[in-house]
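Chemist: Handing you this structure, nothing more for now.
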Amino acid sequence: MSFSDLISTIDNFIWGWPLIILLFGTHIFMTFRTGFIQKDIFKAIKLSVTKDPDAEGDVSQFGALTTALSSTIGTGNIIGVGTAIACGGPGSVLWMWLTGIFGIATKYAETLIAVKYRVKSEDGTMIGGAMYALDRGLKARWAGIIFAILAAVCAFGIGCMVQANAVAANFTTNFGVAPWIIAIVLSVLVGLVIIGGIQSITRVSERLVPFMAVFYVIGCLIILIMNVDVLGEAVVTIVTSAFTTKAATGGFIGSTVAMACRYGFARGLFSNESGMGSAPLVASAAQTRNPKRQALVSMTGTFWDTVIICLMTGLVLVSCIIKHPSIDALSGNGSALTSMAFSTIPGIGLPILIVGLITFAFSTILGWYYYGERCAVYLLGEKVIIVYKVLWVIGVFVGSLVELNLIWNIADLLNGLMAVPNIFAVLLLSKVIADETKKYSGSHITDKDTTEIPVLKNSKKGILG
């Protein structure tokens with residue numbers, strides 16, 4: 001067995017039942033531990049567009065949310081859903097949707113402890129994330145170091161080179177633009193944004209994320225209106241296939257209930273990143289009166305990402321397969337399945353999909369840069385920032401030009417392993433999460449946290465500096 005095959009085998013194992021049980025089990029546990037925090041989703045949506053300028057932080061709550069969404073709304077919502085349906089059948093859509101419903105609680109929990117245990121750098125910049133919850137909340141610095149190393153390294157793969165490759169491939173395939181031209185232009189654009197730090201990344205995300213999400217959703221709505229005559233059948237097919245074996249007829253590949261669960265859970269967990277510890281890295285920089293407010297705002301990311309956008313994509317694909325049996329020939333290929341579905345919109349279908357994929361990938365590069373930088377700063381101090389920026393731009397350039405199958409598998413594996421220390425923090429700090437949730441309930445949601453945010457004296461040197 002080659003090294004590439006070994007990594008692929010380990011990756012498939014990690015993203016199989018072990019991670020499904022760990023993450024989905026945590027989702028259910030935290031749903032009960034937080035008193036079904038999902039019931040506050042509409043209050044959370046309102047808070048996400050409410051400014052809190054008097055609170056401490058570097059960016060607005062909405063800015064932190066859109067920056068997190070910039071890295072989660074992406075190919076997982078488009079190609080990932082297609083892959084789940086192609087490999088696990090239509091029933092995988094329901095299981096994917098359930099990861100979003102219950103994952104809201106874990107996204108809330110991991111964000112709350114990240115904000116609660118955040119610190120200030122010596123220049124006043126907010127720093128937080130799973131590594132600080134592990135370090136300050138559990139006195140487990142070793143676990144914080146492991147999380148930070150995994151995140152800082154895997155960011156170059158899953159958030160940088162792979163995304164750059166997707167942008168270049170789309171431009172080359174659909175517009176005939178040479179990869180080296182895309183590599184130069186994309187590297188320059190990314191460099192211009194990240195040189196300004198979190199404020200610059202947030203400004204771009206606040207404008208790009210709503211545009212790209214609305215643009216893609218409009219495309220989905222057009223297809224659903226076109227397929228309205230089979231929409232009811234699509235819903236019934238999704239629900240029944242989640243609990244019974246679907247034969248390889250009627251446009252669907254055969255699948256067992258176990259396969260539908262596995263691919264639905266795995267793609268849903270990968271898409272919304274609830275439990276991965278990524279989104280709290282930027283949420284920790286938000287201007288917020290208390291940890292619960294930002295935790296509520298952050299949990300709307302999972303709602304939009306999986307409960308809404310992934311569900312719409314699933315309905316689009318299943319309804320298209322029912323209405324256009326010829327799509328059956330593409331079963332097993334999520335990318336081709338999604339392309340065929342959008343091509344049913346005359347003239348503008350594929351352009352909508354292509355623009356969506358390109359903007360999603362570009363925004364993911366920006367969001368994951370900040371994640372990786374924060375983890376690198378935790379490890380090596382602020383002196384590493386300029387080095388990380390340069391390496392990131394180089395990663396974008398190289399990623400646009402080379403095949404990345406091995407890099408993708410390594411990054412995917414590290415991304416899955418990130419969840420372990422993060423979930424470790426969420427579960428062991430679940431009492432703190434429950435107490436904070438009760439403390440700021442009702443009218444107390446507007447109370448200001450009186451706990452002073454400590455200044456990290458070694459922020460210039462880092463834990464390992």
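The way I read the labels, and the way they are meant: chains A, B, ... in the order of the structure tokens, residue 1 as the first residue of every chain, and ligand 1 as the first ligand shown, with later ones counted on from there.
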Hey, which bits of region 335-421 of chain A sit within 8 Å of region 311-319 of chain A, and for each residue what's the closest pair of atoms and how far apart in Å (one decimal), counting only C-alpha atoms, rows by chain and increasing number, as a Markdown table?
Modeler:
| residue | atom | partner | partner_atom | distance |
| --- | --- | --- | --- | --- |
| A:Leu337 | CA | A:Leu317 | CA | 7.4 |
| A:Thr338 | CA | A:Leu317 | CA | 6.7 |
| A:Ala341 | CA | A:Leu317 | CA | 6.0 |
Chemist: Those selected residues, please, written with C-alpha atoms and delivered as a compact mmCIF listing (two decimals), in the first residue's frame.
Modeler:
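Written file, part-v1.txt:
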# COMPACT_ATOMS: atom_id res chain seq x y z
CA LEU A 337 -24.72 15.31 -10.33
CA THR A 338 -24.88 18.93 -9.14
CA ALA A 341 -29.14 19.56 -11.89
Chemist: Show which residues sit within 6 Å of region 276-278 of chain A, as a list in words. Count only C-alpha atoms, and ignore same-chain residues fewer than 3 positions away.
Modeler: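 Counting only C-alpha atoms, the residues come to Ala130, Glu273, Leu281, Met418, Ala419 and Asn422 of chain A.
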Chemist: Write the selection just made, keeping C-alpha atoms, as a CSV table (one decimal), in the first residue's frame?
Modeler:
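What follows is the written file again_32.csv:
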chain,number,residue,atom,x,y,z
A,130,ALA,CA,-10.5,26.1,21.5
A,273,GLU,CA,-18.0,22.3,11.0
A,281,LEU,CA,-11.5,31.3,16.4
A,418,MET,CA,-9.1,18.8,15.2
A,419,ALA,CA,-12.5,17.9,16.5
A,422,ASN,CA,-12.3,20.7,20.8
Chemist: Taking 6 positions as the minimum chain separation for residues in the same chain, which residues sit within 9 Å of region 389-393 of chain A when counting only C-alpha atoms? Answer as a PDB file with all heavy atoms, in the first residue's frame.
Modeler:
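Done, and the output landed in part.pdb:
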ATOM      1  N   PHE A 156      -3.646  25.127   5.604  1.00  0.00           N
ATOM      2  CA  PHE A 156      -2.966  25.274   4.318  1.00  0.00           C
ATOM      3  C   PHE A 156      -3.529  24.335   3.266  1.00  0.00           C
ATOM      4  O   PHE A 156      -3.539  24.646   2.073  1.00  0.00           O
ATOM      5  CB  PHE A 156      -1.461  25.020   4.471  1.00  0.00           C
ATOM      6  CG  PHE A 156      -0.702  26.208   4.937  1.00  0.00           C
ATOM      7  CD1 PHE A 156      -0.358  26.345   6.267  1.00  0.00           C
ATOM      8  CD2 PHE A 156      -0.344  27.217   4.052  1.00  0.00           C
ATOM      9  CE1 PHE A 156       0.339  27.460   6.713  1.00  0.00           C
ATOM     10  CE2 PHE A 156       0.351  28.329   4.477  1.00  0.00           C
ATOM     11  CZ  PHE A 156       0.699  28.455   5.815  1.00  0.00           C
ATOM     12  N   CYS A 160      -6.762  26.500   1.974  1.00  0.00           N
ATOM     13  CA  CYS A 160      -5.924  27.309   1.087  1.00  0.00           C
ATOM     14  C   CYS A 160      -5.691  26.635  -0.261  1.00  0.00           C
ATOM     15  O   CYS A 160      -6.291  27.014  -1.275  1.00  0.00           O
ATOM     16  CB  CYS A 160      -4.587  27.602   1.778  1.00  0.00           C
ATOM     17  SG  CYS A 160      -3.420  28.564   0.807  1.00  0.00           S
ATOM     18  N   MET A 161      -4.834  25.625  -0.304  1.00  0.00           N
ATOM     19  CA  MET A 161      -4.418  25.042  -1.571  1.00  0.00           C
ATOM     20  C   MET A 161      -5.567  24.341  -2.297  1.00  0.00           C
ATOM     21  O   MET A 161      -5.728  24.482  -3.511  1.00  0.00           O
ATOM     22  CB  MET A 161      -3.255  24.073  -1.336  1.00  0.00           C
ATOM     23  CG  MET A 161      -2.014  24.736  -0.757  1.00  0.00           C
ATOM     24  SD  MET A 161      -0.646  23.587  -0.438  1.00  0.00           S
ATOM     25  CE  MET A 161      -0.111  23.252  -2.112  1.00  0.00           C
ATOM     26  N   LEU A 186      -5.277  35.361  -8.320  1.00  0.00           N
ATOM     27  CA  LEU A 186      -5.835  34.930  -7.039  1.00  0.00           C
ATOM     28  C   LEU A 186      -4.875  35.221  -5.892  1.00  0.00           C
ATOM     29  O   LEU A 186      -5.292  35.668  -4.815  1.00  0.00           O
ATOM     30  CB  LEU A 186      -6.157  33.435  -7.096  1.00  0.00           C
ATOM     31  CG  LEU A 186      -6.947  32.849  -5.915  1.00  0.00           C
ATOM     32  CD1 LEU A 186      -8.277  33.571  -5.746  1.00  0.00           C
ATOM     33  CD2 LEU A 186      -7.183  31.352  -6.125  1.00  0.00           C
ATOM     34  N   SER A 187      -3.593  34.987  -6.111  1.00  0.00           N
ATOM     35  CA  SER A 187      -2.597  35.264  -5.075  1.00  0.00           C
ATOM     36  C   SER A 187      -2.575  36.739  -4.705  1.00  0.00           C
ATOM     37  O   SER A 187      -2.494  37.101  -3.519  1.00  0.00           O
ATOM     38  CB  SER A 187      -1.201  34.834  -5.555  1.00  0.00           C
ATOM     39  OG  SER A 187      -1.158  33.456  -5.822  1.00  0.00           O
ATOM     40  N   VAL A 188      -2.662  37.591  -5.717  1.00  0.00           N
ATOM     41  CA  VAL A 188      -2.664  39.038  -5.471  1.00  0.00           C
ATOM     42  C   VAL A 188      -3.913  39.458  -4.704  1.00  0.00           C
ATOM     43  O   VAL A 188      -3.845  40.219  -3.728  1.00  0.00           O
ATOM     44  CB  VAL A 188      -2.563  39.818  -6.804  1.00  0.00           C
ATOM     45  CG1 VAL A 188      -2.791  41.313  -6.569  1.00  0.00           C
ATOM     46  CG2 VAL A 188      -1.202  39.596  -7.448  1.00  0.00           C
ATOM     47  N   VAL A 190      -5.909  37.658  -2.763  1.00  0.00           N
ATOM     48  CA  VAL A 190      -5.867  37.143  -1.393  1.00  0.00           C
ATOM     49  C   VAL A 190      -4.884  37.952  -0.557  1.00  0.00           C
ATOM     50  O   VAL A 190      -5.178  38.336   0.586  1.00  0.00           O
ATOM     51  CB  VAL A 190      -5.484  35.646  -1.381  1.00  0.00           C
ATOM     52  CG1 VAL A 190      -5.200  35.183   0.048  1.00  0.00           C
ATOM     53  CG2 VAL A 190      -6.597  34.811  -1.980  1.00  0.00           C
ATOM     54  N   GLY A 191      -3.717  38.246  -1.119  1.00  0.00           N
ATOM     55  CA  GLY A 191      -2.708  39.027  -0.402  1.00  0.00           C
ATOM     56  C   GLY A 191      -3.208  40.401  -0.022  1.00  0.00           C
ATOM     57  O   GLY A 191      -2.964  40.882   1.094  1.00  0.00           O
ATOM     58  N   ILE A 194      -5.763  39.841   3.029  1.00  0.00           N
ATOM     59  CA  ILE A 194      -5.251  39.374   4.325  1.00  0.00           C
ATOM     60  C   ILE A 194      -4.201  40.304   4.913  1.00  0.00           C
ATOM     61  O   ILE A 194      -3.949  40.254   6.117  1.00  0.00           O
ATOM     62  CB  ILE A 194      -4.684  37.939   4.237  1.00  0.00           C
ATOM     63  CG1 ILE A 194      -3.424  37.885   3.365  1.00  0.00           C
ATOM     64  CG2 ILE A 194      -5.743  36.983   3.737  1.00  0.00           C
ATOM     65  CD1 ILE A 194      -2.750  36.518   3.374  1.00  0.00           C
ATOM     66  N   ILE A 195      -3.611  41.172   4.095  1.00  0.00           N
ATOM     67  CA  ILE A 195      -2.604  42.082   4.640  1.00  0.00           C
ATOM     68  C   ILE A 195      -3.217  43.037   5.660  1.00  0.00           C
ATOM     69  O   ILE A 195      -2.538  43.529   6.562  1.00  0.00           O
ATOM     70  CB  ILE A 195      -1.912  42.879   3.500  1.00  0.00           C
ATOM     71  CG1 ILE A 195      -0.592  43.473   4.011  1.00  0.00           C
ATOM     72  CG2 ILE A 195      -2.840  43.969   2.937  1.00  0.00           C
ATOM     73  CD1 ILE A 195       0.268  44.070   2.906  1.00  0.00           C
ATOM     74  N   TYR A 369      -7.671  31.465   6.446  1.00  0.00           N
ATOM     75  CA  TYR A 369      -6.408  32.150   6.747  1.00  0.00           C
ATOM     76  C   TYR A 369      -6.422  32.638   8.194  1.00  0.00           C
ATOM     77  O   TYR A 369      -5.453  32.444   8.945  1.00  0.00           O
ATOM     78  CB  TYR A 369      -6.154  33.354   5.819  1.00  0.00           C
ATOM     79  CG  TYR A 369      -5.083  34.248   6.416  1.00  0.00           C
ATOM     80  CD1 TYR A 369      -3.750  33.867   6.373  1.00  0.00           C
ATOM     81  CD2 TYR A 369      -5.420  35.397   7.140  1.00  0.00           C
ATOM     82  CE1 TYR A 369      -2.768  34.623   7.002  1.00  0.00           C
ATOM     83  CE2 TYR A 369      -4.449  36.157   7.766  1.00  0.00           C
ATOM     84  CZ  TYR A 369      -3.130  35.764   7.700  1.00  0.00           C
ATOM     85  OH  TYR A 369      -2.168  36.500   8.349  1.00  0.00           O
ATOM     86  N   GLU A 373      -3.897  31.550  11.176  1.00  0.00           N
ATOM     87  CA  GLU A 373      -3.043  32.584  11.765  1.00  0.00           C
ATOM     88  C   GLU A 373      -3.196  32.638  13.283  1.00  0.00           C
ATOM     89  O   GLU A 373      -2.207  32.727  14.018  1.00  0.00           O
ATOM     90  CB  GLU A 373      -3.394  33.951  11.175  1.00  0.00           C
ATOM     91  CG  GLU A 373      -2.540  35.090  11.726  1.00  0.00           C
ATOM     92  CD  GLU A 373      -3.280  36.408  11.759  1.00  0.00           C
ATOM     93  OE1 GLU A 373      -4.004  36.683  12.747  1.00  0.00           O
ATOM     94  OE2 GLU A 373      -3.136  37.180  10.803  1.00  0.00           O
TER      95      GLU A 373
END
Chemist: Nearest residue to Val214 (chain A) out of A:Asn272, A:Ser284, A:Ser298, A:Thr359, using only C-alpha atoms?
Modeler: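 Using only C-alpha atoms, Val214 (chain A) sits closest to A:Thr359.
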Chemist: Please identify which residues in region 74-230 of chain A DSSP calls strand (DSSP E) from the backbone, and express them as a PyMOL selection string.
Modeler: chain A and resi 119-120+126-127
Chemist: Which is closest to Pro280 (chain A) among A:Glu382, A:Glu436, A:Glu110, A:Asp412, if we use only C-alpha atoms?
Modeler: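 Closest candidate: A:Glu110.
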Chemist: Determine, counting only C-alpha atoms, which protein, DNA and RNA residues have an atom within 12 Å of an atom of Lys438 (chain A); residues of the same chain fewer than 2 positions away are not included. Present the result as an mmCIF file with C-alpha atoms, in the first residue's frame.
Modeler:
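Contents of out-v5.cif, freshly written:
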data_model
loop_
_atom_site.group_PDB
_atom_site.id
_atom_site.type_symbol
_atom_site.label_atom_id
_atom_site.label_comp_id
_atom_site.auth_asym_id
_atom_site.auth_seq_id
_atom_site.Cartn_x
_atom_site.Cartn_y
_atom_site.Cartn_z
ATOM 1 C CA ARG A 33 -27.334 20.373 28.382
ATOM 2 C CA THR A 34 -28.228 23.810 27.003
ATOM 3 C CA GLY A 35 -31.966 23.310 27.471
ATOM 4 C CA ILE A 37 -30.864 26.192 22.748
ATOM 5 C CA PRO A 291 -20.233 34.965 25.887
ATOM 6 C CA LYS A 292 -23.829 33.849 25.366
ATOM 7 C CA LYS A 431 -21.336 22.623 33.285
ATOM 8 C CA VAL A 432 -19.747 26.023 32.625
ATOM 9 C CA ILE A 433 -21.716 26.236 29.372
ATOM 10 C CA ALA A 434 -24.978 25.354 31.136
ATOM 11 C CA ASP A 435 -24.310 27.868 33.944
ATOM 12 C CA GLU A 436 -23.472 30.697 31.504
ATOM 13 C CA TYR A 440 -27.659 35.342 30.716
ATOM 14 C CA SER A 441 -31.176 34.055 30.076
ATOM 15 C CA GLY A 442 -34.223 36.249 29.535
ATOM 16 C CA SER A 443 -33.659 39.964 30.049
ATOM 17 C CA HIS A 444 -30.126 39.240 31.287
ATOM 18 C CA ILE A 445 -29.009 38.583 27.695
#
Chemist: Which is closer to Leu22 (chain A) than all the others in A:Cys320, A:Ile407, A:Met131, A:Ala266, using only C-alpha atoms?
Modeler: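 Smallest separation from Leu22 (chain A) among the options: A:Ala266.
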Chemist: Rank nothing, just name the residue among A:Tyr216, A:Trp97, A:Trp15, A:Phe62 nearest to Ile352 (chain A), using only C-alpha atoms.
Modeler: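 Of the candidates, the smallest distance to Ile352 (chain A) is held by A:Tyr216.
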Chemist: Rank nothing, just name the residue among A:Ile45, A:Val93, A:Leu208, A:Ile14 nearest to Ala242 (chain A), using only C-alpha atoms.
Modeler: A:Val93
Chemist: Go through A:Ile104, A:Ala286, A:Ala166, A:Ile358 one by one, measure the shortest atom-to-atom distance of each to Glu403 (chain A) using only C-alpha atoms, and give the residue with the smallest value.
Modeler: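 Closest candidate: A:Ala166.
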Chemist: One decimal, Å: what's the distance from CA of Val355 (chain A) over to CA of Ala213 (chain A), could you say?
Modeler: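 CA of Ala213 (chain A) lies 10.9 Å from CA of Val355 (chain A).
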Chemist: Find the residues near Leu414 (chain A): any atom within 9 Å, counting only C-alpha atoms, skip ones fewer than 6 places away on the same chain, and give them as a list of chain:residue names.
Modeler: A:Asp11, A:Leu150, A:Ala151, A:Val153, A:Cys154
Chemist: List as a PDB file with N, CA, C and O atoms, in the first residue's frame the protein and nucleic acid residues near region 197-206 of chain A, meaning an atom at most 8 Å away when only C-alpha atoms are counted, but skip any in the same chain fewer than 3 places from it.
Modeler:
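Printed below is part.pdb as written:
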ATOM      1  N   ASP A  58     -12.894  43.228  18.395  1.00  0.00           N
ATOM      2  CA  ASP A  58     -12.234  43.827  17.235  1.00  0.00           C
ATOM      3  C   ASP A  58     -13.162  44.009  16.047  1.00  0.00           C
ATOM      4  O   ASP A  58     -12.938  44.880  15.213  1.00  0.00           O
ATOM      5  N   VAL A  59     -14.196  43.152  15.933  1.00  0.00           N
ATOM      6  CA  VAL A  59     -15.125  43.228  14.803  1.00  0.00           C
ATOM      7  C   VAL A  59     -16.548  43.074  15.314  1.00  0.00           C
ATOM      8  O   VAL A  59     -16.775  42.637  16.443  1.00  0.00           O
ATOM      9  N   PHE A  62     -21.905  40.565  13.510  1.00  0.00           N
ATOM     10  CA  PHE A  62     -22.250  40.160  12.154  1.00  0.00           C
ATOM     11  C   PHE A  62     -20.992  39.889  11.333  1.00  0.00           C
ATOM     12  O   PHE A  62     -20.941  38.943  10.545  1.00  0.00           O
ATOM     13  N   GLY A  63     -19.963  40.711  11.529  1.00  0.00           N
ATOM     14  CA  GLY A  63     -18.708  40.504  10.824  1.00  0.00           C
ATOM     15  C   GLY A  63     -18.073  39.180  11.186  1.00  0.00           C
ATOM     16  O   GLY A  63     -17.551  38.460  10.322  1.00  0.00           O
ATOM     17  N   ALA A  64     -18.101  38.841  12.472  1.00  0.00           N
ATOM     18  CA  ALA A  64     -17.541  37.558  12.917  1.00  0.00           C
ATOM     19  C   ALA A  64     -18.340  36.395  12.326  1.00  0.00           C
ATOM     20  O   ALA A  64     -17.770  35.382  11.912  1.00  0.00           O
ATOM     21  N   THR A  66     -20.202  36.393   9.464  1.00  0.00           N
ATOM     22  CA  THR A  66     -19.995  36.246   8.024  1.00  0.00           C
ATOM     23  C   THR A  66     -18.599  35.719   7.707  1.00  0.00           C
ATOM     24  O   THR A  66     -18.420  34.984   6.729  1.00  0.00           O
ATOM     25  N   THR A  67     -17.613  36.065   8.537  1.00  0.00           N
ATOM     26  CA  THR A  67     -16.270  35.521   8.323  1.00  0.00           C
ATOM     27  C   THR A  67     -16.265  34.019   8.568  1.00  0.00           C
ATOM     28  O   THR A  67     -15.644  33.251   7.824  1.00  0.00           O
ATOM     29  N   SER A  70     -18.001  32.416   5.734  1.00  0.00           N
ATOM     30  CA  SER A  70     -17.196  32.428   4.513  1.00  0.00           C
ATOM     31  C   SER A  70     -16.387  31.154   4.367  1.00  0.00           C
ATOM     32  O   SER A  70     -16.053  30.735   3.251  1.00  0.00           O
ATOM     33  N   VAL A 193      -6.222  41.300   0.584  1.00  0.00           N
ATOM     34  CA  VAL A 193      -7.233  41.213   1.652  1.00  0.00           C
ATOM     35  C   VAL A 193      -6.594  40.876   2.997  1.00  0.00           C
ATOM     36  O   VAL A 193      -6.830  41.556   4.004  1.00  0.00           O
ATOM     37  N   ILE A 194      -5.763  39.841   3.029  1.00  0.00           N
ATOM     38  CA  ILE A 194      -5.251  39.374   4.325  1.00  0.00           C
ATOM     39  C   ILE A 194      -4.201  40.304   4.913  1.00  0.00           C
ATOM     40  O   ILE A 194      -3.949  40.254   6.117  1.00  0.00           O
ATOM     41  N   VAL A 209     -20.270  37.281   1.453  1.00  0.00           N
ATOM     42  CA  VAL A 209     -21.054  36.137   1.922  1.00  0.00           C
ATOM     43  C   VAL A 209     -22.546  36.303   1.655  1.00  0.00           C
ATOM     44  O   VAL A 209     -23.177  35.395   1.095  1.00  0.00           O
ATOM     45  N   PRO A 210     -23.172  37.440   2.036  1.00  0.00           N
ATOM     46  CA  PRO A 210     -24.605  37.584   1.719  1.00  0.00           C
ATOM     47  C   PRO A 210     -24.876  37.502   0.214  1.00  0.00           C
ATOM     48  O   PRO A 210     -25.856  36.879  -0.207  1.00  0.00           O
ATOM     49  N   SER A 363     -13.888  32.856  -0.659  1.00  0.00           N
ATOM     50  CA  SER A 363     -14.195  33.286   0.703  1.00  0.00           C
ATOM     51  C   SER A 363     -13.663  32.296   1.734  1.00  0.00           C
ATOM     52  O   SER A 363     -13.261  32.686   2.829  1.00  0.00           O
ATOM     53  N   LEU A 366     -10.106  33.061   2.611  1.00  0.00           N
ATOM     54  CA  LEU A 366      -9.976  34.187   3.543  1.00  0.00           C
ATOM     55  C   LEU A 366     -10.300  33.758   4.977  1.00  0.00           C
ATOM     56  O   LEU A 366      -9.555  34.085   5.914  1.00  0.00           O
ATOM     57  N   GLY A 367     -11.406  33.053   5.152  1.00  0.00           N
ATOM     58  CA  GLY A 367     -11.803  32.639   6.494  1.00  0.00           C
ATOM     59  C   GLY A 367     -10.801  31.711   7.148  1.00  0.00           C
ATOM     60  O   GLY A 367     -10.431  31.877   8.314  1.00  0.00           O
ATOM     61  N   TYR A 370      -7.510  33.271   8.594  1.00  0.00           N
ATOM     62  CA  TYR A 370      -7.579  33.815   9.951  1.00  0.00           C
ATOM     63  C   TYR A 370      -7.526  32.695  10.988  1.00  0.00           C
ATOM     64  O   TYR A 370      -6.868  32.826  12.022  1.00  0.00           O
TER      65      TYR A 370
END
